[in-house]
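upload-v1.tsv (TSV, C-alpha atoms)
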```
chain	number	residue	atom	x	y	z
A	255	MET	CA	17.56	22.28	-28.89
A	256	ALA	CA	14.29	21.09	-27.38
A	257	GLY	CA	14.45	19.07	-24.18
A	258	HIS	CA	17.95	20.15	-23.18
A	259	ASN	CA	16.92	22.98	-20.95
A	260	LYS	CA	18.15	22.73	-17.35
A	261	TRP	CA	14.79	23.96	-16.02
A	262	ALA	CA	12.94	21.28	-17.98
A	263	GLN	CA	15.03	18.58	-16.31
A	264	ILE	CA	14.51	20.07	-12.84
A	265	LYS	CA	10.76	20.39	-13.47
A	266	ARG	CA	10.55	16.75	-14.57
A	267	GLN	CA	12.45	15.50	-11.50
A	268	LYS	CA	10.41	17.68	-9.15
A	269	GLY	CA	7.20	16.43	-10.71
A	270	ALA	CA	8.23	12.80	-10.18
A	271	ASN	CA	9.28	13.47	-6.57
A	272	ASP	CA	6.02	15.33	-5.84
A	273	ALA	CA	3.94	12.49	-7.31
A	274	ALA	CA	5.74	9.92	-5.15
A	275	LYS	CA	5.29	12.08	-2.03
A	276	SER	CA	1.62	12.54	-2.82
A	277	ARG	CA	1.07	8.76	-3.04
A	278	VAL	CA	2.79	8.17	0.31
A	279	TRP	CA	0.87	11.00	1.99
A	280	ALA	CA	-2.45	9.73	0.64
A	281	LYS	CA	-1.78	6.28	2.10
A	282	LEU	CA	-0.73	7.75	5.43
A	283	SER	CA	-3.78	10.01	5.49
A	284	ARG	CA	-6.07	7.03	4.94
A	285	ARG	CA	-4.30	5.05	7.65
A	286	LEU	CA	-4.54	8.01	10.08
A	287	THR	CA	-8.27	8.29	9.41
A	288	VAL	CA	-8.87	4.62	10.18
A	289	GLU	CA	-6.68	4.60	13.30
A	290	SER	CA	-8.37	7.78	14.52
A	291	LYS	CA	-11.76	6.14	14.04
A	292	LYS	CA	-10.63	3.10	16.06
A	293	ALA	CA	-9.42	5.44	18.83
A	294	ASN	CA	-12.62	7.56	18.75
A	295	GLY	CA	-10.66	10.63	17.66
A	296	ASP	CA	-8.07	10.40	20.45
A	297	ALA	CA	-4.84	11.69	18.89
A	298	ASN	CA	-2.87	10.44	21.90
A	299	ALA	CA	-3.79	6.79	21.38
A	300	ALA	CA	-0.76	4.59	20.73
A	301	ASN	CA	-1.90	3.41	17.28
A	302	VAL	CA	-2.60	7.00	16.14
A	303	ARG	CA	0.70	8.30	17.55
A	304	SER	CA	2.57	5.54	15.70
A	305	VAL	CA	1.09	6.55	12.34
A	306	VAL	CA	1.63	10.27	13.13
A	307	GLU	CA	5.30	9.52	13.79
A	308	THR	CA	5.56	7.74	10.44
A	309	ALA	CA	3.83	10.68	8.73
A	310	ARG	CA	6.28	13.13	10.29
A	311	LYS	CA	9.21	11.03	9.06
A	312	GLU	CA	7.74	11.34	5.55
A	313	ASN	CA	7.53	15.15	6.00
A	314	MET	CA	3.73	15.18	5.82
A	315	PRO	CA	2.40	18.66	6.67
A	316	LYS	CA	0.99	19.11	10.19
A	317	ASP	CA	-2.36	20.42	8.92
A	318	ALA	CA	-2.78	17.36	6.67
A	319	ILE	CA	-2.11	15.10	9.67
A	320	GLU	CA	-4.67	16.97	11.77
A	321	ARG	CA	-7.26	16.84	8.96
A	322	ALA	CA	-6.83	13.09	8.62
A	323	ILE	CA	-7.22	12.56	12.38
A	324	HIS	CA	-10.31	14.77	12.43
A	325	LYS	CA	-11.78	12.92	9.45
A	326	GLY	CA	-11.72	9.75	11.58
A	327	THR	CA	-14.45	11.24	13.77
A	328	THR	CA	-16.76	12.15	10.88
A	329	ALA	CA	-19.24	10.04	8.94
A	330	ASP	CA	-16.79	9.75	6.01
A	331	ALA	CA	-14.58	7.41	8.02
A	332	ALA	CA	-17.37	4.86	8.35
A	333	SER	CA	-16.87	3.71	4.76
A	334	MET	CA	-13.14	2.89	5.08
A	335	GLU	CA	-12.35	-0.78	5.56
A	336	SER	CA	-9.35	-3.04	5.60
A	337	VAL	CA	-9.23	-5.84	3.00
A	338	VAL	CA	-6.64	-8.55	2.33
A	339	TYR	CA	-6.22	-10.15	-1.10
A	340	GLU	CA	-4.09	-13.18	-1.95
A	341	CYS	CA	-2.46	-14.47	-5.12
A	342	TYR	CA	0.43	-16.56	-6.37
A	343	GLY	CA	2.94	-14.69	-8.50
A	344	PRO	CA	5.63	-15.83	-10.94
A	345	GLY	CA	7.53	-18.89	-9.75
A	346	GLY	CA	4.77	-19.81	-7.30
A	347	ALA	CA	5.58	-17.08	-4.78
A	348	ALA	CA	2.68	-16.37	-2.41
A	349	VAL	CA	1.66	-12.70	-2.30
A	350	ILE	CA	-0.50	-11.02	0.37
A	351	ILE	CA	-1.91	-7.59	-0.45
A	352	SER	CA	-3.23	-5.53	2.46
A	353	CYS	CA	-5.55	-2.69	1.37
A	354	LEU	CA	-7.44	0.13	3.03
A	355	THR	CA	-10.31	1.19	0.82
A	356	ASP	CA	-13.64	2.93	0.67
A	357	ASN	CA	-14.70	0.84	-2.35
A	358	LYS	CA	-13.76	-2.86	-2.35
A	359	ASN	CA	-15.06	-3.39	-5.89
A	360	ARG	CA	-12.84	-0.64	-7.36
A	361	THR	CA	-9.78	-1.94	-5.53
A	362	LEU	CA	-10.45	-5.51	-6.64
A	363	GLN	CA	-10.87	-4.45	-10.28
A	364	GLU	CA	-7.61	-2.47	-10.19
A	365	LEU	CA	-5.79	-5.54	-8.85
A	366	LYS	CA	-7.45	-7.86	-11.36
A	367	GLY	CA	-6.33	-5.51	-14.16
A	368	ILE	CA	-2.70	-5.91	-13.07
A	369	PHE	CA	-3.14	-9.66	-12.58
A	370	ALA	CA	-4.64	-10.11	-16.06
A	371	LYS	CA	-1.69	-8.38	-17.74
A	372	HIS	CA	0.78	-10.65	-15.96
A	373	ALA	CA	-1.09	-13.99	-16.08
A	374	ILE	CA	-1.77	-14.05	-12.33
A	375	ALA	CA	-5.03	-15.22	-10.78
A	376	LEU	CA	-6.58	-14.01	-7.56
A	377	ALA	CA	-6.38	-16.82	-4.99
A	378	THR	CA	-9.24	-17.91	-2.77
A	379	PRO	CA	-9.13	-16.51	0.78
A	380	GLY	CA	-6.74	-18.51	2.95
A	381	SER	CA	-4.97	-20.27	0.09
A	382	ALA	CA	-1.83	-18.10	0.39
A	383	LEU	CA	-2.19	-16.95	4.00
A	384	TRP	CA	-1.13	-20.36	5.28
A	385	ALA	CA	2.43	-19.53	4.17
A	386	PHE	CA	2.60	-16.54	6.55
A	387	ASP	CA	2.47	-15.84	10.28
A	388	LYS	CA	0.60	-12.72	11.40
A	389	THR	CA	2.91	-10.47	13.45
A	390	ALA	CA	2.55	-6.97	14.88
A	391	GLU	CA	4.39	-5.56	11.84
A	392	GLY	CA	2.42	-7.53	9.25
A	393	TYR	CA	2.82	-10.94	7.65
A	394	ALA	CA	6.08	-12.85	8.04
A	395	PRO	CA	6.68	-15.82	5.72
A	396	LYS	CA	6.93	-19.21	7.43
A	397	THR	CA	9.17	-20.44	4.64
A	398	THR	CA	10.68	-18.75	1.61
A	399	ILE	CA	10.67	-19.88	-2.00
A	400	PRO	CA	13.76	-19.44	-4.21
A	401	LEU	CA	13.00	-17.90	-7.61
A	402	SER	CA	14.88	-17.93	-10.88
A	403	ALA	CA	16.24	-14.57	-12.04
A	404	ASP	CA	13.46	-14.22	-14.64
A	405	ASP	CA	10.71	-15.06	-12.14
A	406	HIS	CA	12.24	-12.69	-9.58
A	407	ASP	CA	12.31	-9.82	-12.08
A	408	ALA	CA	8.72	-10.52	-13.15
A	409	LEU	CA	7.57	-10.67	-9.52
A	410	MET	CA	9.30	-7.39	-8.64
A	411	LYS	CA	7.63	-5.69	-11.62
A	412	VAL	CA	4.19	-6.93	-10.52
A	413	LEU	CA	4.81	-5.94	-6.89
A	414	GLU	CA	5.79	-2.42	-7.95
A	415	LEU	CA	2.57	-2.07	-9.96
A	416	ILE	CA	0.49	-3.36	-7.06
A	417	ASP	CA	2.22	-1.11	-4.53
A	418	ALA	CA	1.58	1.93	-6.75
A	419	LEU	CA	-2.20	1.55	-6.31
A	420	ASP	CA	-3.64	4.14	-3.93
A	421	ASP	CA	-5.59	1.70	-1.77
A	422	VAL	CA	-2.71	-0.74	-1.25
A	423	GLU	CA	-1.10	-0.36	2.17
A	424	GLU	CA	1.38	-3.24	2.29
A	425	VAL	CA	2.47	-6.09	0.02
A	426	TYR	CA	4.10	-9.26	1.41
A	427	THR	CA	5.68	-12.19	-0.38
A	428	ASN	CA	7.51	-15.35	0.57
A	429	ALA	CA	9.97	-15.11	-2.33
A	430	GLU	CA	13.69	-15.09	-1.51
```

Could I get this structure in the form of structure tokens?
Amino acid sequence: MAGHNKWAQIKRQKGANDAAKSRVWAKLSRRLTVESKKANGDANAANVRSVVETARKENMPKDAIERAIHKGTTADAASMESVVYECYGPGGAAVIISCLTDNKNRTLQELKGIFAKHAIALATPGSALWAFDKTAEGYAPKTTIPLSADDHDALMKVLELIDALDDVEEVYTNAE
């Protein structure tokens, strides 16, 4: 019978795990490159060491970590920039999307594609940020908004799609 082979199931699971690992490593690599650029290639700088520690926890290979740090000292790193987008999701929950990208237009179009499928509009800068305080870890909501079960499920689906994008670093919401 087709599809009932033990190896086929193992191969499918391994493929899914490898794809997830690859996404995480790509995000960490990008973050290492930017932090290395900020530290002028100093691998012992606190911000670089923090990201290296996170990369090690995710079992990122040592040579990939070193390549990303080295890339921060090359001309390629000059094009990476941090961008923050804002929107309001289902139920009126404010959403902050922190991205690290080499092409703001591509990232924006990817986000707009997700927003269009879920009837969400990109908010003007500052219109959702007021609901958050900037902390060392990211954005902490000043207040939270309770959502109905349907709105909560719809928001979680959208947040998963947004988080799956390569350029997205962190996603914050004030939903309960």

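Taking all atoms listed in the file into account, Thr378 of chain A lies nearest to A:Cys341 out of the set A:Ala394, A:Ala403, A:Cys341, A:Ile319.
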
So the first atom is atom CA of Leu282 of chain A and the second is atom CA of Lys388 of chain A; what is the distance between them in Å, to one decimal place? 21.4 Å

Skipping near chain neighbours, those fewer than 2 positions away, what residues fall within 12 Å of Ile374 of chain A using all atoms listed in the file, listed as a compact mmCIF listing (two decimals) with C-alpha atoms, in the coordinates of the input?
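Heads up, here's the output in selection16.txt:
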```txt
# COMPACT_ATOMS: atom_id res chain seq x y z
CA GLU A 340 -4.09 -13.18 -1.95
CA CYS A 341 -2.46 -14.47 -5.12
CA TYR A 342 0.43 -16.56 -6.37
CA GLY A 343 2.94 -14.69 -8.50
CA PRO A 344 5.63 -15.83 -10.94
CA GLY A 345 7.53 -18.89 -9.75
CA GLY A 346 4.77 -19.81 -7.30
CA ALA A 347 5.58 -17.08 -4.78
CA ALA A 348 2.68 -16.37 -2.41
CA VAL A 349 1.66 -12.70 -2.30
CA LEU A 365 -5.79 -5.54 -8.85
CA LYS A 366 -7.45 -7.86 -11.36
CA GLY A 367 -6.33 -5.51 -14.16
CA ILE A 368 -2.70 -5.91 -13.07
CA PHE A 369 -3.14 -9.66 -12.58
CA ALA A 370 -4.64 -10.11 -16.06
CA LYS A 371 -1.69 -8.38 -17.74
CA HIS A 372 0.78 -10.65 -15.96
CA LEU A 376 -6.58 -14.01 -7.56
CA ALA A 377 -6.38 -16.82 -4.99
CA ALA A 408 8.72 -10.52 -13.15
CA LEU A 409 7.57 -10.67 -9.52
CA VAL A 412 4.19 -6.93 -10.52
CA LEU A 413 4.81 -5.94 -6.89
```

Quick one, how far is atom CA of Glu364 of chain A from atom CA of Asp417 of chain A? 11.4 Å

Which one of A:Lys396, A:Glu414, A:Ala322, A:Val338 sits closest to Gly380 of chain A if you count all atoms listed in the file?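 Nearest candidate to Gly380 of chain A out of A:Lys396, A:Glu414, A:Ala322, A:Val338: A:Val338.
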